[in-house]
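To start, the structure under review is shown below, and the notes come after it.
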Amino acid sequence: MGRWRTEQENGIYLVEGPCRLQGEIRVQGAKNAALPILAAALLTPESVIHRCPRLSDIDAAADILRHFGCRCEWDGGTLHVTRGEMTGCEIPEHLMREMRSSIVFLGAAIARCGSARISMPGGCELGPRPIDMHLSALRRLGVRIEDDDGFLRCTVPGGLHGARIALPFPSVGATENAMIAACLAEGETELHNAAREPEIADLAAFLNAAGARIHIDAAGSVFIRGVRELHACEHTVIPDRIVAVTYLCAAAATGSSLTLRGVETDHLAACLPLFEEMGCAVQQNRRDATLSIAAPQTVSSLHMVRTMPYPGFPTDAQAPLMAVCCRAKGTSIFVENIFENRYKHAAELLRMGADIKVEGRVAVVEGVGRLHPARVECTDLRGGAAMVVAALGAQGETRIGQIRHIERGYEALDECLCALGASVKKQ
Ligand code: UD1
């Protein structure tokens with residue numbers, strides 16, 4: 001889609017650094033929780049989804065729901081989804097292309113219509129993103145999948161039935177697809193080595209509110225007893241832990257003090273110790289769901305950051321944290337264990353004077369005292385957040401192109417940062 005858009009349409013931020021941030025920010029609802037919940041909404045007659053973030057990825061999901069005959073209406077931060085007559089069981093190619101995560105609609109479409117046809121999702125900026133685990137989990141539930149001229153044709157000849165599924169890797173999307181489809185399958189499904197991200201528990205909470213019978217045990221295995229149908233439900237999406245980390249990074253990169261409101265501090269357990277290691281004072285208050293950070297003028301480097309499936313350090317927070325480490329005292333080492341090609345932002349940070357060496361899954365970041373402004377681009381969603389974090393702490397005006405990537409996942413990042421004292425102009 002982006003190829004024929006002009007630079008202006010893809011959006012530009014002009015960030016004047018360095019700045020000192022101050023004040024409070026309320027954290028938005030989690031995009032990665034809201035997306036599978038919107039897919040699951042296809043199975044309920046009516047869903048009222050509170051704290052649903054207003055983002056281009058959510059608009060893309062709403063477009064898929066509309067394509068399937070649903071009505072989607074906003075009322076402030078609440079999205080009402082009402083199911084209508086199903087108008088087809090194919091997700092058109094342009095909607096699949098708009099958002100790679102639209103694959104999460106596959107399980108719901110099959111459970112709703114008994115069949116589905118989708119184009120193969122292409123690779124993306126994070127390297128090839130295969131869907132083999134999604135497909136083999138769905139096959140175990142009784143789905144027949146055939147290649148139909150670049151499309152996948154999915155049918156359920158004998159109906160969906162429960163199964164024992166062990167994922168070879170705890171894929172977030174494959175867990176979500178299997179969970180959604182298994183809700184309406186005949187019998188019981190056990191999902192072992194499932195992803196344990198908080199977004200999975202939130203999807204289960206939404207589905208259970210609609211009458212599904214899902215239980216997640218302490219080891220993270222998911223047990224689903226199929227039901228005949230789901231009923232109307234209301235749900236509040238969890239706060240976005242990656243957005244929360246991004247604001248913590250913005251504070252750490254600028255020697256600032258900030259308070260985040262509406263955060264689930266437990267979801268940040270693997271992240272907060274790293275901010276302390278960098279020399280920031282972090283104060284959690286579970287009772288009123290706030291988190292405060294006070295960062296020193298120059299942070300210390302991080303010994304080792306390894307991205308891991310939850311409860312490990314999230315891959316989505318790797319890029320903004322790397323942006324902080326660029327100006328830290330000393331050497332920081334990153335090991336990216338989830339995606340093959342998730343260091344594209346490093347090349348953009350180099351333009352700002354950072355010293356980063358990437359070798360396969362490892363990135364070595366030598367802290368330099370200062371970053372200078374440059375013309376940089378958002379390489380992907382979190383890479384874009386990294387550019388903003390770096391620019392807030394750089395000396396002068398940084399021009400960040402392709403901010404449409406940022407708008408996929410951050411609600412009005414420019415306005416929120418300006419309200420905290422930054423100078424970020426959108427063009
Ligand atoms: C989700 C998140 C994304 C996050 C990622 C890891 C959403 C919308 N996106 O993506 O922000 O970075 O989890 O926490 O929630 N894989 C396969 N075969 C498959 C599925 C995945 O090989 O069938 C591989 C992927 O290429 C990747 C790894 O498994 O290397 C993890 O992917 P997965 O957990 O599925 O991530 P997503 O659900 O795509």
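Just remember, in the structure tokens the first chain shown is A, the second B, etc., residues are 1-based per chain, and ligands are 1-based in the order shown.
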
request  = Please provide the set of residues having any atom within 6 Å of region 271-278 of chain A, restricted to only C-alpha atoms, with same-chain residues fewer than 2 positions apart removed, written as a PyMOL selection string.
outcome  = chain A and resi 268-269+280+299-301

Quick one: write out the picked residues with C-alpha atoms as a short mmCIF file (atom, residue, chain, number, x, y, z; two decimals), in the first residue's frame?
```
data_model
loop_
_atom_site.label_atom_id
_atom_site.label_comp_id
_atom_site.auth_asym_id
_atom_site.auth_seq_id
_atom_site.Cartn_x
_atom_site.Cartn_y
_atom_site.Cartn_z
CA LEU A 268 6.30 -5.10 33.09
CA ALA A 269 8.17 -7.38 35.51
CA CYS A 280 16.58 5.12 36.98
CA VAL A 299 21.93 6.40 32.06
CA SER A 300 24.26 3.41 32.54
CA SER A 301 24.52 0.72 29.90
#
```

request  = Enumerate residues in contact with ligand 1: an atom-to-atom distance of at most 7 Å, counting only C-alpha atoms and all ligand atoms. Format the result as an MDAnalysis selection string.
outcome  = chainID A and resid 32:33 35 101 128:135 169:174 309 314:316 338:340

Of the listed residues A:Ala195, A:Met304, A:Val243, A:Ala30, that which approaches Ile58 (chain A) most closely, counting only C-alpha atoms =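 Answer, going by the shortest atom-to-atom distance: A:Ala30.
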
Hey, what's within 12 Å of Leu381 (chain A) if we count only C-alpha atoms and toss same-chain stuff fewer than 6 positions away? As a tab-separated table (two decimals) with N, CA, C and O atoms, in the first residue's frame, please?
```
chain	number	residue	atom	x	y	z
A	31	LYS	N	-2.92	-2.64	21.84
A	31	LYS	CA	-3.23	-3.02	20.45
A	31	LYS	C	-3.24	-4.54	20.28
A	31	LYS	O	-4.15	-5.10	19.66
A	55	LEU	N	-6.35	3.34	16.54
A	55	LEU	CA	-5.10	3.19	15.80
A	55	LEU	C	-5.42	2.72	14.38
A	55	LEU	O	-6.48	2.13	14.16
A	56	SER	N	-4.46	2.89	13.47
A	56	SER	CA	-4.75	2.44	12.10
A	56	SER	C	-4.88	0.92	12.04
A	56	SER	O	-5.65	0.40	11.24
A	57	ASP	N	-4.15	0.18	12.88
A	57	ASP	CA	-4.30	-1.29	12.86
A	57	ASP	C	-5.69	-1.69	13.35
A	57	ASP	O	-6.25	-2.70	12.89
A	99	MET	N	-2.62	-5.23	7.06
A	99	MET	CA	-2.11	-5.57	8.39
A	99	MET	C	-1.78	-7.06	8.42
A	99	MET	O	-2.66	-7.89	8.27
A	124	CYS	N	7.35	-9.51	6.04
A	124	CYS	CA	7.17	-8.14	6.47
A	124	CYS	C	8.50	-7.61	6.94
A	124	CYS	O	9.52	-8.27	6.79
A	125	GLU	N	8.46	-6.43	7.51
A	125	GLU	CA	9.70	-5.76	7.88
A	125	GLU	C	10.49	-6.49	8.97
A	125	GLU	O	11.62	-6.17	9.23
A	126	LEU	N	9.87	-7.48	9.62
A	126	LEU	CA	10.60	-8.22	10.66
A	126	LEU	C	11.14	-9.54	10.12
A	126	LEU	O	11.46	-10.44	10.87
A	242	ILE	N	3.69	-2.31	26.00
A	242	ILE	CA	4.80	-1.83	25.15
A	242	ILE	C	4.77	-0.30	25.05
A	242	ILE	O	5.80	0.37	25.06
A	243	VAL	N	3.56	0.25	25.01
A	243	VAL	CA	3.46	1.72	25.03
A	243	VAL	C	4.01	2.23	26.36
A	243	VAL	O	4.76	3.22	26.40
A	246	THR	N	7.65	2.25	26.21
A	246	THR	CA	8.13	3.31	25.31
A	246	THR	C	8.22	4.64	26.05
A	246	THR	O	9.21	5.39	25.90
A	316	ASP	N	9.13	-6.56	21.37
A	316	ASP	CA	8.59	-5.27	20.93
A	316	ASP	C	9.23	-4.09	21.67
A	316	ASP	O	9.13	-2.95	21.21
A	317	ALA	N	9.85	-4.36	22.82
A	317	ALA	CA	10.47	-3.26	23.57
A	317	ALA	C	11.95	-3.12	23.24
A	317	ALA	O	12.61	-2.19	23.72
A	318	GLN	N	12.47	-4.03	22.41
A	318	GLN	CA	13.91	-4.03	22.13
A	318	GLN	C	14.37	-2.74	21.44
A	318	GLN	O	15.36	-2.12	21.83
A	319	ALA	N	13.61	-2.30	20.42
A	319	ALA	CA	14.07	-1.13	19.64
A	319	ALA	C	14.08	0.16	20.48
A	319	ALA	O	15.10	0.86	20.52
A	320	PRO	N	12.97	0.50	21.18
A	320	PRO	CA	13.04	1.73	21.98
A	320	PRO	C	14.10	1.68	23.07
A	320	PRO	O	14.76	2.69	23.36
A	342	ARG	N	15.18	-8.10	13.22
A	342	ARG	CA	14.53	-7.04	13.97
A	342	ARG	C	15.51	-5.96	14.44
A	342	ARG	O	15.35	-5.37	15.50
A	344	LYS	N	16.49	-3.42	12.09
A	344	LYS	CA	16.57	-2.42	11.01
A	344	LYS	C	16.71	-1.01	11.55
A	344	LYS	O	17.29	-0.14	10.91
A	345	HIS	N	16.15	-0.79	12.73
A	345	HIS	CA	16.25	0.55	13.33
A	345	HIS	C	17.71	0.91	13.64
A	345	HIS	O	18.05	2.08	13.74
A	387	MET	N	13.05	5.72	17.02
A	387	MET	CA	13.51	6.98	16.42
A	387	MET	C	13.06	8.17	17.25
A	387	MET	O	13.80	9.11	17.47
A	388	VAL	N	11.82	8.09	17.71
A	388	VAL	CA	11.29	9.20	18.51
A	388	VAL	C	12.06	9.29	19.84
A	388	VAL	O	12.47	10.38	20.26
A	402	GLN	N	8.03	8.32	7.47
A	402	GLN	CA	7.26	7.05	7.51
A	402	GLN	C	6.58	6.83	8.86
A	402	GLN	O	6.57	5.70	9.38
A	403	ILE	N	6.02	7.91	9.43
A	403	ILE	CA	5.45	7.73	10.77
A	403	ILE	C	4.12	6.98	10.74
A	403	ILE	O	3.53	6.70	11.78
A	404	ARG	N	3.66	6.61	9.52
A	404	ARG	CA	2.45	5.77	9.47
A	404	ARG	C	2.70	4.48	10.24
A	404	ARG	O	1.77	3.90	10.79
A	405	HIS	N	3.96	4.04	10.30
A	405	HIS	CA	4.26	2.84	11.10
A	405	HIS	C	3.92	3.08	12.57
A	405	HIS	O	3.36	2.22	13.23
A	406	ILE	N	4.29	4.26	13.07
A	406	ILE	CA	4.05	4.58	14.49
A	406	ILE	C	2.56	4.62	14.76
A	406	ILE	O	2.08	4.15	15.80
A	407	GLU	N	1.82	5.16	13.79
A	407	GLU	CA	0.37	5.32	13.99
A	407	GLU	C	-0.38	3.99	14.00
A	407	GLU	O	-1.53	3.93	14.41
A	408	ARG	N	0.28	2.93	13.59
A	408	ARG	CA	-0.33	1.59	13.71
A	408	ARG	C	-0.49	1.21	15.19
A	408	ARG	O	-1.35	0.40	15.51
A	409	GLY	N	0.38	1.75	16.05
A	409	GLY	CA	0.38	1.24	17.42
A	409	GLY	C	0.36	2.27	18.54
A	409	GLY	O	0.22	1.89	19.70
A	410	TYR	N	0.56	3.55	18.22
A	410	TYR	CA	0.59	4.57	19.28
A	410	TYR	C	-0.50	5.58	19.03
A	410	TYR	O	-0.57	6.17	17.95
```

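The nearest approach to Arg112 (chain A) among the residues A:Glu229, A:Glu9, A:Asp217, A:Asp202, with only C-alpha atoms taken into account, belongs to A:Glu229.
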
Option closest in space to Arg71 (chain A), from A:Ala41, A:Met96, A:Val389, A:Leu321 [counting only C-alpha atoms] =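 Smallest distance to Arg71 (chain A) is found for A:Ala41.
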
task = Mind the document's chain letters and residue numbers, and return as a PyMOL selection string the residues of region 121-337 of chain A that DSSP labels alpha helix (DSSP H).
result = chain A and resi 132-140+172-183+198-209+241-254+272-277+318-325

ask   = Among region 93-200 of chain A, which residues carry a DSSP assignment of strand (DSSP E), reported as an MDAnalysis selection string?
value = chainID A and resid 115:119 144:148 151:155 164:166 188:192

key: Nearest residue to Ile91 (chain A) from the set A:Gly76, A:Gly421, A:Pro36, A:Gly69 (distances using only C-alpha atoms)   =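 Under the stated criterion, the closest residue is A:Gly69.
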
task = Might you pull out every residue within 7 Å of region 230-241 of chain A, with only C-alpha atoms counted and same-chain residues fewer than 2 positions away left off, and present them as an NGL selection string?
result = :A and (27-31 or 33-34 or 43-52 or 202 or 206 or 209-212 or 243-245 or 262-264 or 267-268)

Writing out the chosen residues with N, CA, C and O atoms as a CSV table (one decimal), in the first residue's frame:
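Result saved to again-v2.csv:
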```csv
chain,number,residue,atom,x,y,z
A,27,VAL,N,-1.9,5.5,30.1
A,27,VAL,CA,-1.5,4.5,29.0
A,27,VAL,C,-2.8,4.0,28.3
A,27,VAL,O,-3.8,3.6,28.9
A,28,GLN,N,-2.7,3.9,27.0
A,28,GLN,CA,-3.8,3.4,26.1
A,28,GLN,C,-4.0,1.9,26.3
A,28,GLN,O,-3.2,1.2,26.8
A,29,GLY,N,-5.1,1.5,25.7
A,29,GLY,CA,-5.4,0.0,25.7
A,29,GLY,C,-4.4,-0.7,24.7
A,29,GLY,O,-3.9,-0.1,23.8
A,30,ALA,N,-4.2,-2.0,25.0
A,30,ALA,CA,-3.2,-2.7,24.2
A,30,ALA,C,-3.7,-3.1,22.8
A,30,ALA,O,-4.6,-3.8,22.7
A,31,LYS,N,-2.9,-2.6,21.8
A,31,LYS,CA,-3.2,-3.0,20.4
A,31,LYS,C,-3.2,-4.5,20.3
A,31,LYS,O,-4.1,-5.1,19.7
A,33,ALA,N,-3.8,-6.8,22.3
A,33,ALA,CA,-4.9,-7.5,23.0
A,33,ALA,C,-6.2,-7.2,22.2
A,33,ALA,O,-7.0,-8.1,21.9
A,34,ALA,N,-6.3,-6.0,21.7
A,34,ALA,CA,-7.6,-5.6,21.0
A,34,ALA,C,-7.7,-6.3,19.7
A,34,ALA,O,-8.8,-6.7,19.3
A,43,LEU,N,-17.6,-13.9,16.6
A,43,LEU,CA,-18.3,-15.0,17.1
A,43,LEU,C,-19.4,-14.6,18.1
A,43,LEU,O,-20.2,-15.5,18.5
A,44,THR,N,-19.5,-13.3,18.4
A,44,THR,CA,-20.5,-12.9,19.4
A,44,THR,C,-21.5,-12.0,18.7
A,44,THR,O,-21.2,-11.3,17.8
A,45,PRO,N,-22.8,-12.1,19.1
A,45,PRO,CA,-23.8,-11.2,18.4
A,45,PRO,C,-23.5,-9.7,18.7
A,45,PRO,O,-23.8,-8.9,17.8
A,46,GLU,N,-23.0,-9.4,19.8
A,46,GLU,CA,-22.7,-8.0,20.1
A,46,GLU,C,-21.5,-8.0,21.1
A,46,GLU,O,-21.5,-8.7,22.1
A,47,SER,N,-20.5,-7.1,20.9
A,47,SER,CA,-19.4,-6.9,21.8
A,47,SER,C,-19.3,-5.4,22.1
A,47,SER,O,-19.3,-4.6,21.1
A,48,VAL,N,-19.1,-5.1,23.3
A,48,VAL,CA,-18.8,-3.7,23.7
A,48,VAL,C,-17.4,-3.8,24.3
A,48,VAL,O,-17.1,-4.4,25.3
A,49,ILE,N,-16.5,-3.1,23.6
A,49,ILE,CA,-15.0,-3.2,23.9
A,49,ILE,C,-14.5,-1.9,24.4
A,49,ILE,O,-14.4,-0.9,23.6
A,50,HIS,N,-14.3,-1.8,25.7
A,50,HIS,CA,-13.8,-0.5,26.3
A,50,HIS,C,-12.3,-0.5,26.2
A,50,HIS,O,-11.6,-1.5,26.1
A,51,ARG,N,-11.8,0.7,26.3
A,51,ARG,CA,-10.4,1.0,26.2
A,51,ARG,C,-9.8,0.4,25.0
A,51,ARG,O,-8.6,-0.1,25.0
A,52,CYS,N,-10.5,0.5,23.9
A,52,CYS,CA,-10.0,0.0,22.6
A,52,CYS,C,-9.2,1.1,22.0
A,52,CYS,O,-9.7,2.2,21.8
A,202,ASP,N,-6.0,-11.9,28.2
A,202,ASP,CA,-7.1,-10.9,28.0
A,202,ASP,C,-8.1,-11.5,26.9
A,202,ASP,O,-9.3,-11.3,27.1
A,206,PHE,N,-12.1,-12.1,27.5
A,206,PHE,CA,-13.1,-11.6,26.6
A,206,PHE,C,-14.0,-12.8,26.2
A,206,PHE,O,-15.3,-12.7,26.3
A,209,ALA,N,-16.2,-14.0,28.9
A,209,ALA,CA,-17.3,-13.1,29.2
A,209,ALA,C,-18.4,-13.3,28.2
A,209,ALA,O,-19.6,-13.0,28.5
A,210,ALA,N,-18.1,-13.9,27.1
A,210,ALA,CA,-19.1,-14.2,26.0
A,210,ALA,C,-19.6,-15.6,26.1
A,210,ALA,O,-20.3,-16.1,25.2
A,211,GLY,N,-19.2,-16.3,27.2
A,211,GLY,CA,-19.8,-17.7,27.4
A,211,GLY,C,-18.8,-18.8,27.0
A,211,GLY,O,-19.2,-20.0,27.1
A,212,ALA,N,-17.6,-18.5,26.6
A,212,ALA,CA,-16.7,-19.6,26.3
A,212,ALA,C,-16.2,-20.2,27.6
A,212,ALA,O,-16.4,-19.6,28.7
A,243,VAL,N,3.6,0.3,25.0
A,243,VAL,CA,3.5,1.7,25.0
A,243,VAL,C,4.0,2.2,26.4
A,243,VAL,O,4.8,3.2,26.4
A,244,ALA,N,3.7,1.5,27.5
A,244,ALA,CA,4.2,2.0,28.8
A,244,ALA,C,5.7,2.0,28.7
A,244,ALA,O,6.4,2.9,29.1
A,245,VAL,N,6.3,0.9,28.2
A,245,VAL,CA,7.8,0.8,28.2
A,245,VAL,C,8.3,1.9,27.3
A,245,VAL,O,9.4,2.5,27.6
A,262,GLY,N,-2.7,4.0,34.9
A,262,GLY,CA,-3.5,3.0,34.2
A,262,GLY,C,-2.5,1.9,33.7
A,262,GLY,O,-2.7,1.4,32.6
A,263,VAL,N,-1.5,1.6,34.4
A,263,VAL,CA,-0.6,0.5,33.9
A,263,VAL,C,-0.8,-0.7,34.8
A,263,VAL,O,-1.1,-0.7,35.9
A,264,GLU,N,-0.5,-1.9,34.2
A,264,GLU,CA,-0.5,-3.1,34.9
A,264,GLU,C,1.0,-3.4,35.2
A,264,GLU,O,1.7,-4.0,34.3
A,267,HIS,N,2.7,-6.8,34.4
A,267,HIS,CA,3.1,-7.1,33.0
A,267,HIS,C,4.5,-6.6,32.6
A,267,HIS,O,5.0,-6.9,31.5
A,268,LEU,N,5.0,-5.7,33.4
A,268,LEU,CA,6.3,-5.1,33.1
A,268,LEU,C,7.5,-5.7,33.9
A,268,LEU,O,8.5,-5.1,34.0
```

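Each of A:Ile356, A:Ile214, A:Ile103, A:Leu65 was checked against Arg327 (chain A) using only C-alpha atoms; the smallest atom-to-atom distance is that of A:Ile356.
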
request  = Compile the contact shell of Cys72 (chain A) as a list in words: residues with an atom at most 8 Å away, counting only C-alpha atoms, same-chain residues fewer than 6 positions apart removed.
outcome  =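 What passes the distance filter is Ala62, Leu65, Arg66, Leu79, His80, Val81 and Thr82 of chain A.
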
Limited to N, CA and C atoms, could you put the picked residues into a file as a compact mmCIF listing (two decimals), in the first residue's frame?
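What follows is the written file out-v6.txt:
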```txt
# COMPACT_ATOMS: atom_id res chain seq x y z
N ALA A 62 -11.33 -3.34 12.06
CA ALA A 62 -12.75 -2.99 11.95
C ALA A 62 -13.20 -3.12 10.49
N LEU A 65 -13.98 -6.68 9.93
CA LEU A 65 -15.28 -7.01 10.54
C LEU A 65 -16.42 -6.50 9.67
N ARG A 66 -16.28 -5.29 9.15
CA ARG A 66 -17.34 -4.73 8.28
C ARG A 66 -17.47 -5.57 7.03
N LEU A 79 -15.52 0.60 21.54
CA LEU A 79 -15.94 0.15 20.21
C LEU A 79 -17.08 -0.86 20.38
N HIS A 80 -18.20 -0.58 19.71
CA HIS A 80 -19.35 -1.50 19.71
C HIS A 80 -19.32 -2.27 18.41
N VAL A 81 -19.31 -3.59 18.52
CA VAL A 81 -19.34 -4.43 17.32
C VAL A 81 -20.64 -5.22 17.34
N THR A 82 -21.43 -5.07 16.30
CA THR A 82 -22.68 -5.82 16.21
C THR A 82 -22.61 -6.69 14.96
```

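You will find CA of Arg213 (chain A) at 26.4 Å from CA of Pro53 (chain A).
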
request  = With a distance cut-off of 7 Å and only C-alpha atoms, select the neighbouring residues of region 157-168 of chain A, excluding the residue or stretch itself and same-chain residues fewer than 6 positions from it, and output the selection as a PyMOL selection string.
outcome  = chain A and resi 133+137+140-143+182+185-194

message = Give me the residues near Gln283 (chain A) as number ranges by chain, where near means some atom within 7 Å (using only C-alpha atoms) and where sequence neighbours in that chain fewer than 2 positions away do not count.
response = A: 281, 285, 291-293

message = Please compute the CA of Glu176 (chain A)-CA of Gly107 (chain A) distance, one decimal, in Å.
response =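 Computing it gives 8.3 Å between the two atoms.
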